[in-house]
Amino acid sequence: MIDLTAEKTDEQSKSIAKKMLIVGCFLLPCVWLIMPCYFFDYLRSSAKRSAHTQRIRLYVMLGGVGAFLELTALLVWMAVYLTSWEKWGATGEALCLIAKQG
């Protein structure tokens with residue numbers, strides 16, 4: 001569990017950012033969307049320019065790009081499915097999670 005109240009070192013923050021990036025790779029874009037909020041201080045501070053801070057910024061940016069791509073793919077799939085599921089016949093109906101009545 002991540003302790004939000006404790007003061008974190010740069011090394012611990014870098015480790016957390018890397019873990020969040022990896023967890024987001026398992027089709028959990030919500031983790032990538034949380035990263036900028038969690039690491040807001042690292043993204044906005046101009047005083048800290050250490051190697052760890054740069055690595056954290058890289059992880060957050062990669063997470064943002066990954067979230068954008070994953071959510072875009074989901075929206076494209078939804079658009080394709082909703083406009084053409086009837087043409088797919090039984091396969092289109094099998095992919096539907098809500099059974100039609102009637």
# chains A, B, ... in the order shown; residues from 1 in each chain; ligands from 1
call {"tool": "residues_around", "arguments": {"residues": "Leu43 of chain A", "least_positions_apart": "4", "cutoff": "9 Å", "atoms": "only C-alpha atoms", "output": "PyMOL selection string"}}
result
chain A and resi 36+39+53+56-57+60
call {"tool": "residues_around", "arguments": {"residues": "segment 22-33 of chain A", "least_positions_apart": "3", "cutoff": "12 Å", "atoms": "only C-alpha atoms", "output": "PyMOL selection string"}}
result
chain A and resi 15-19+36-40+59-74
call {"tool": "write_last_selection", "arguments": {"atoms": "N, CA and C atoms", "output": "PDB file, in the first residue's frame"}}
result
ATOM      1  N   SER A  15      10.504   4.790  -7.914  1.00  0.00           N
ATOM      2  CA  SER A  15      10.054   3.401  -7.856  1.00  0.00           C
ATOM      3  C   SER A  15       8.532   3.310  -7.974  1.00  0.00           C
ATOM      4  N   ILE A  16       7.827   4.199  -7.297  1.00  0.00           N
ATOM      5  CA  ILE A  16       6.365   4.206  -7.369  1.00  0.00           C
ATOM      6  C   ILE A  16       5.897   4.545  -8.779  1.00  0.00           C
ATOM      7  N   ALA A  17       6.532   5.526  -9.414  1.00  0.00           N
ATOM      8  CA  ALA A  17       6.156   5.917 -10.775  1.00  0.00           C
ATOM      9  C   ALA A  17       6.373   4.767 -11.751  1.00  0.00           C
ATOM     10  N   LYS A  18       7.482   4.059 -11.595  1.00  0.00           N
ATOM     11  CA  LYS A  18       7.762   2.926 -12.482  1.00  0.00           C
ATOM     12  C   LYS A  18       6.736   1.823 -12.284  1.00  0.00           C
ATOM     13  N   LYS A  19       6.377   1.550 -11.021  1.00  0.00           N
ATOM     14  CA  LYS A  19       5.372   0.517 -10.748  1.00  0.00           C
ATOM     15  C   LYS A  19       4.014   0.903 -11.315  1.00  0.00           C
ATOM     16  N   PRO A  36      -0.479  11.792 -13.078  1.00  0.00           N
ATOM     17  CA  PRO A  36      -0.190  13.237 -13.029  1.00  0.00           C
ATOM     18  C   PRO A  36      -0.675  13.895 -11.734  1.00  0.00           C
ATOM     19  N   CYS A  37      -1.775  13.409 -11.187  1.00  0.00           N
ATOM     20  CA  CYS A  37      -2.269  13.965  -9.918  1.00  0.00           C
ATOM     21  C   CYS A  37      -1.343  13.593  -8.770  1.00  0.00           C
ATOM     22  N   TYR A  38      -0.908  12.359  -8.748  1.00  0.00           N
ATOM     23  CA  TYR A  38      -0.058  11.875  -7.658  1.00  0.00           C
ATOM     24  C   TYR A  38       1.321  12.546  -7.691  1.00  0.00           C
ATOM     25  N   PHE A  39       1.853  12.757  -8.878  1.00  0.00           N
ATOM     26  CA  PHE A  39       3.190  13.342  -9.026  1.00  0.00           C
ATOM     27  C   PHE A  39       3.128  14.805  -9.465  1.00  0.00           C
ATOM     28  N   PHE A  40       2.098  15.513  -9.064  1.00  0.00           N
ATOM     29  CA  PHE A  40       1.908  16.909  -9.459  1.00  0.00           C
ATOM     30  C   PHE A  40       3.100  17.777  -9.062  1.00  0.00           C
ATOM     31  N   TYR A  59       8.227   8.807 -16.905  1.00  0.00           N
ATOM     32  CA  TYR A  59       7.226   7.782 -16.613  1.00  0.00           C
ATOM     33  C   TYR A  59       5.813   8.353 -16.676  1.00  0.00           C
ATOM     34  N   VAL A  60       5.629   9.556 -16.145  1.00  0.00           N
ATOM     35  CA  VAL A  60       4.303  10.175 -16.161  1.00  0.00           C
ATOM     36  C   VAL A  60       3.891  10.508 -17.595  1.00  0.00           C
ATOM     37  N   MET A  61       4.814  11.016 -18.389  1.00  0.00           N
ATOM     38  CA  MET A  61       4.493  11.336 -19.785  1.00  0.00           C
ATOM     39  C   MET A  61       4.176  10.062 -20.580  1.00  0.00           C
ATOM     40  N   LEU A  62       4.951   9.008 -20.369  1.00  0.00           N
ATOM     41  CA  LEU A  62       4.663   7.739 -21.045  1.00  0.00           C
ATOM     42  C   LEU A  62       3.297   7.199 -20.625  1.00  0.00           C
ATOM     43  N   GLY A  63       2.970   7.357 -19.348  1.00  0.00           N
ATOM     44  CA  GLY A  63       1.657   6.948 -18.870  1.00  0.00           C
ATOM     45  C   GLY A  63       0.547   7.752 -19.523  1.00  0.00           C
ATOM     46  N   GLY A  64       0.756   9.035 -19.697  1.00  0.00           N
ATOM     47  CA  GLY A  64      -0.237   9.874 -20.361  1.00  0.00           C
ATOM     48  C   GLY A  64      -0.450   9.479 -21.811  1.00  0.00           C
ATOM     49  N   VAL A  65       0.634   9.215 -22.509  1.00  0.00           N
ATOM     50  CA  VAL A  65       0.531   8.765 -23.901  1.00  0.00           C
ATOM     51  C   VAL A  65      -0.160   7.409 -23.967  1.00  0.00           C
ATOM     52  N   GLY A  66       0.208   6.512 -23.065  1.00  0.00           N
ATOM     53  CA  GLY A  66      -0.421   5.184 -23.030  1.00  0.00           C
ATOM     54  C   GLY A  66      -1.910   5.266 -22.738  1.00  0.00           C
ATOM     55  N   ALA A  67      -2.298   6.123 -21.798  1.00  0.00           N
ATOM     56  CA  ALA A  67      -3.716   6.282 -21.469  1.00  0.00           C
ATOM     57  C   ALA A  67      -4.485   6.837 -22.669  1.00  0.00           C
ATOM     58  N   PHE A  68      -3.890   7.812 -23.340  1.00  0.00           N
ATOM     59  CA  PHE A  68      -4.536   8.386 -24.517  1.00  0.00           C
ATOM     60  C   PHE A  68      -4.740   7.326 -25.599  1.00  0.00           C
ATOM     61  N   LEU A  69      -3.696   6.551 -25.890  1.00  0.00           N
ATOM     62  CA  LEU A  69      -3.802   5.518 -26.923  1.00  0.00           C
ATOM     63  C   LEU A  69      -4.804   4.432 -26.549  1.00  0.00           C
ATOM     64  N   GLU A  70      -4.777   4.011 -25.289  1.00  0.00           N
ATOM     65  CA  GLU A  70      -5.681   2.949 -24.855  1.00  0.00           C
ATOM     66  C   GLU A  70      -7.143   3.408 -24.857  1.00  0.00           C
ATOM     67  N   LEU A  71      -7.384   4.611 -24.393  1.00  0.00           N
ATOM     68  CA  LEU A  71      -8.754   5.128 -24.401  1.00  0.00           C
ATOM     69  C   LEU A  71      -9.240   5.411 -25.820  1.00  0.00           C
ATOM     70  N   THR A  72      -8.335   5.844 -26.695  1.00  0.00           N
ATOM     71  CA  THR A  72      -8.702   6.047 -28.097  1.00  0.00           C
ATOM     72  C   THR A  72      -9.082   4.726 -28.748  1.00  0.00           C
ATOM     73  N   ALA A  73      -8.302   3.677 -28.480  1.00  0.00           N
ATOM     74  CA  ALA A  73      -8.624   2.350 -29.031  1.00  0.00           C
ATOM     75  C   ALA A  73      -9.977   1.860 -28.515  1.00  0.00           C
ATOM     76  N   LEU A  74     -10.260   2.104 -27.250  1.00  0.00           N
ATOM     77  CA  LEU A  74     -11.548   1.700 -26.680  1.00  0.00           C
ATOM     78  C   LEU A  74     -12.698   2.441 -27.347  1.00  0.00           C
TER      79      LEU A  74
END
call {"tool": "atom_distance", "arguments": {"atom1": "atom CA of Val76 of chain A", "atom2": "atom CA of Leu21 of chain A"}}
result
23.2 Å
call {"tool": "atom_distance", "arguments": {"atom1": "atom CA of Ile34 of chain A", "atom2": "atom CA of Glu11 of chain A"}}
result
19.4 Å
call {"tool": "select_by_dssp", "arguments": {"residues": "chain A", "states": "alpha helix (DSSP H)", "output": "PDB file with C-alpha atoms, in the first residue's frame"}}
result
ATOM      1  CA  ASP A  10      13.261  10.795  -4.973  1.00  0.00           C
ATOM      2  CA  GLU A  11      14.263   7.134  -5.201  1.00  0.00           C
ATOM      3  CA  GLN A  12      10.988   5.981  -3.624  1.00  0.00           C
ATOM      4  CA  SER A  13       8.976   8.260  -5.894  1.00  0.00           C
ATOM      5  CA  LYS A  14      10.805   6.967  -8.945  1.00  0.00           C
ATOM      6  CA  SER A  15      10.054   3.401  -7.856  1.00  0.00           C
ATOM      7  CA  ILE A  16       6.365   4.206  -7.369  1.00  0.00           C
ATOM      8  CA  ALA A  17       6.156   5.917 -10.775  1.00  0.00           C
ATOM      9  CA  LYS A  18       7.762   2.926 -12.482  1.00  0.00           C
ATOM     10  CA  LYS A  19       5.372   0.517 -10.748  1.00  0.00           C
ATOM     11  CA  MET A  20       2.379   2.633 -11.744  1.00  0.00           C
ATOM     12  CA  LEU A  21       3.572   2.673 -15.352  1.00  0.00           C
ATOM     13  CA  ILE A  22       3.911  -1.120 -15.373  1.00  0.00           C
ATOM     14  CA  VAL A  23       0.504  -1.657 -13.742  1.00  0.00           C
ATOM     15  CA  GLY A  24      -1.051   0.587 -16.377  1.00  0.00           C
ATOM     16  CA  PRO A  29      -5.485   3.228 -18.038  1.00  0.00           C
ATOM     17  CA  CYS A  30      -7.079   4.660 -14.892  1.00  0.00           C
ATOM     18  CA  VAL A  31      -3.708   4.173 -13.145  1.00  0.00           C
ATOM     19  CA  TRP A  32      -2.053   6.215 -15.874  1.00  0.00           C
ATOM     20  CA  LEU A  33      -4.684   8.915 -15.432  1.00  0.00           C
ATOM     21  CA  ILE A  34      -3.948   9.094 -11.682  1.00  0.00           C
ATOM     22  CA  MET A  35      -0.183   9.492 -12.176  1.00  0.00           C
ATOM     23  CA  PRO A  36      -0.190  13.237 -13.029  1.00  0.00           C
ATOM     24  CA  CYS A  37      -2.269  13.965  -9.918  1.00  0.00           C
ATOM     25  CA  TYR A  38      -0.058  11.875  -7.658  1.00  0.00           C
ATOM     26  CA  PHE A  40       1.908  16.909  -9.459  1.00  0.00           C
ATOM     27  CA  ASP A  41       4.761  18.368  -7.394  1.00  0.00           C
ATOM     28  CA  TYR A  42       7.386  16.678  -9.569  1.00  0.00           C
ATOM     29  CA  LEU A  43       5.730  17.873 -12.760  1.00  0.00           C
ATOM     30  CA  ARG A  44       5.393  21.493 -11.659  1.00  0.00           C
ATOM     31  CA  ALA A  51      17.993  12.560 -12.618  1.00  0.00           C
ATOM     32  CA  HIS A  52      15.236  10.957 -10.536  1.00  0.00           C
ATOM     33  CA  THR A  53      12.871  13.843 -11.223  1.00  0.00           C
ATOM     34  CA  GLN A  54      13.543  13.620 -14.948  1.00  0.00           C
ATOM     35  CA  ARG A  55      12.872   9.869 -14.863  1.00  0.00           C
ATOM     36  CA  ILE A  56       9.612  10.422 -12.957  1.00  0.00           C
ATOM     37  CA  ARG A  57       8.534  12.989 -15.544  1.00  0.00           C
ATOM     38  CA  LEU A  58       9.327  10.487 -18.299  1.00  0.00           C
ATOM     39  CA  TYR A  59       7.226   7.782 -16.613  1.00  0.00           C
ATOM     40  CA  VAL A  60       4.303  10.175 -16.161  1.00  0.00           C
ATOM     41  CA  MET A  61       4.493  11.336 -19.785  1.00  0.00           C
ATOM     42  CA  LEU A  62       4.663   7.739 -21.045  1.00  0.00           C
ATOM     43  CA  GLY A  63       1.657   6.948 -18.870  1.00  0.00           C
ATOM     44  CA  GLY A  64      -0.237   9.874 -20.361  1.00  0.00           C
ATOM     45  CA  VAL A  65       0.531   8.765 -23.901  1.00  0.00           C
ATOM     46  CA  GLY A  66      -0.421   5.184 -23.030  1.00  0.00           C
ATOM     47  CA  ALA A  67      -3.716   6.282 -21.469  1.00  0.00           C
ATOM     48  CA  PHE A  68      -4.536   8.386 -24.517  1.00  0.00           C
ATOM     49  CA  LEU A  69      -3.802   5.518 -26.923  1.00  0.00           C
ATOM     50  CA  GLU A  70      -5.681   2.949 -24.855  1.00  0.00           C
ATOM     51  CA  LEU A  71      -8.754   5.128 -24.401  1.00  0.00           C
ATOM     52  CA  THR A  72      -8.702   6.047 -28.097  1.00  0.00           C
ATOM     53  CA  ALA A  73      -8.624   2.350 -29.031  1.00  0.00           C
ATOM     54  CA  LEU A  74     -11.548   1.700 -26.680  1.00  0.00           C
ATOM     55  CA  LEU A  75     -13.603   4.518 -28.196  1.00  0.00           C
ATOM     56  CA  VAL A  76     -12.841   3.334 -31.735  1.00  0.00           C
ATOM     57  CA  TRP A  77     -13.873  -0.216 -30.821  1.00  0.00           C
ATOM     58  CA  MET A  78     -17.100   1.073 -29.280  1.00  0.00           C
ATOM     59  CA  ALA A  79     -17.898   3.108 -32.381  1.00  0.00           C
ATOM     60  CA  VAL A  80     -17.191   0.181 -34.724  1.00  0.00           C
ATOM     61  CA  TYR A  81     -19.181  -2.271 -32.623  1.00  0.00           C
ATOM     62  CA  LEU A  82     -22.191  -0.019 -32.102  1.00  0.00           C
ATOM     63  CA  THR A  83     -22.466   0.807 -35.806  1.00  0.00           C
ATOM     64  CA  SER A  84     -21.913  -2.674 -37.228  1.00  0.00           C
ATOM     65  CA  ALA A  90     -24.436 -14.296 -34.456  1.00  0.00           C
ATOM     66  CA  THR A  91     -20.906 -13.122 -33.660  1.00  0.00           C
ATOM     67  CA  GLY A  92     -22.116  -9.572 -33.084  1.00  0.00           C
ATOM     68  CA  GLU A  93     -24.882 -10.818 -30.802  1.00  0.00           C
ATOM     69  CA  ALA A  94     -22.471 -13.081 -28.909  1.00  0.00           C
ATOM     70  CA  LEU A  95     -20.214 -10.108 -28.187  1.00  0.00           C
TER      71      LEU A  95
END
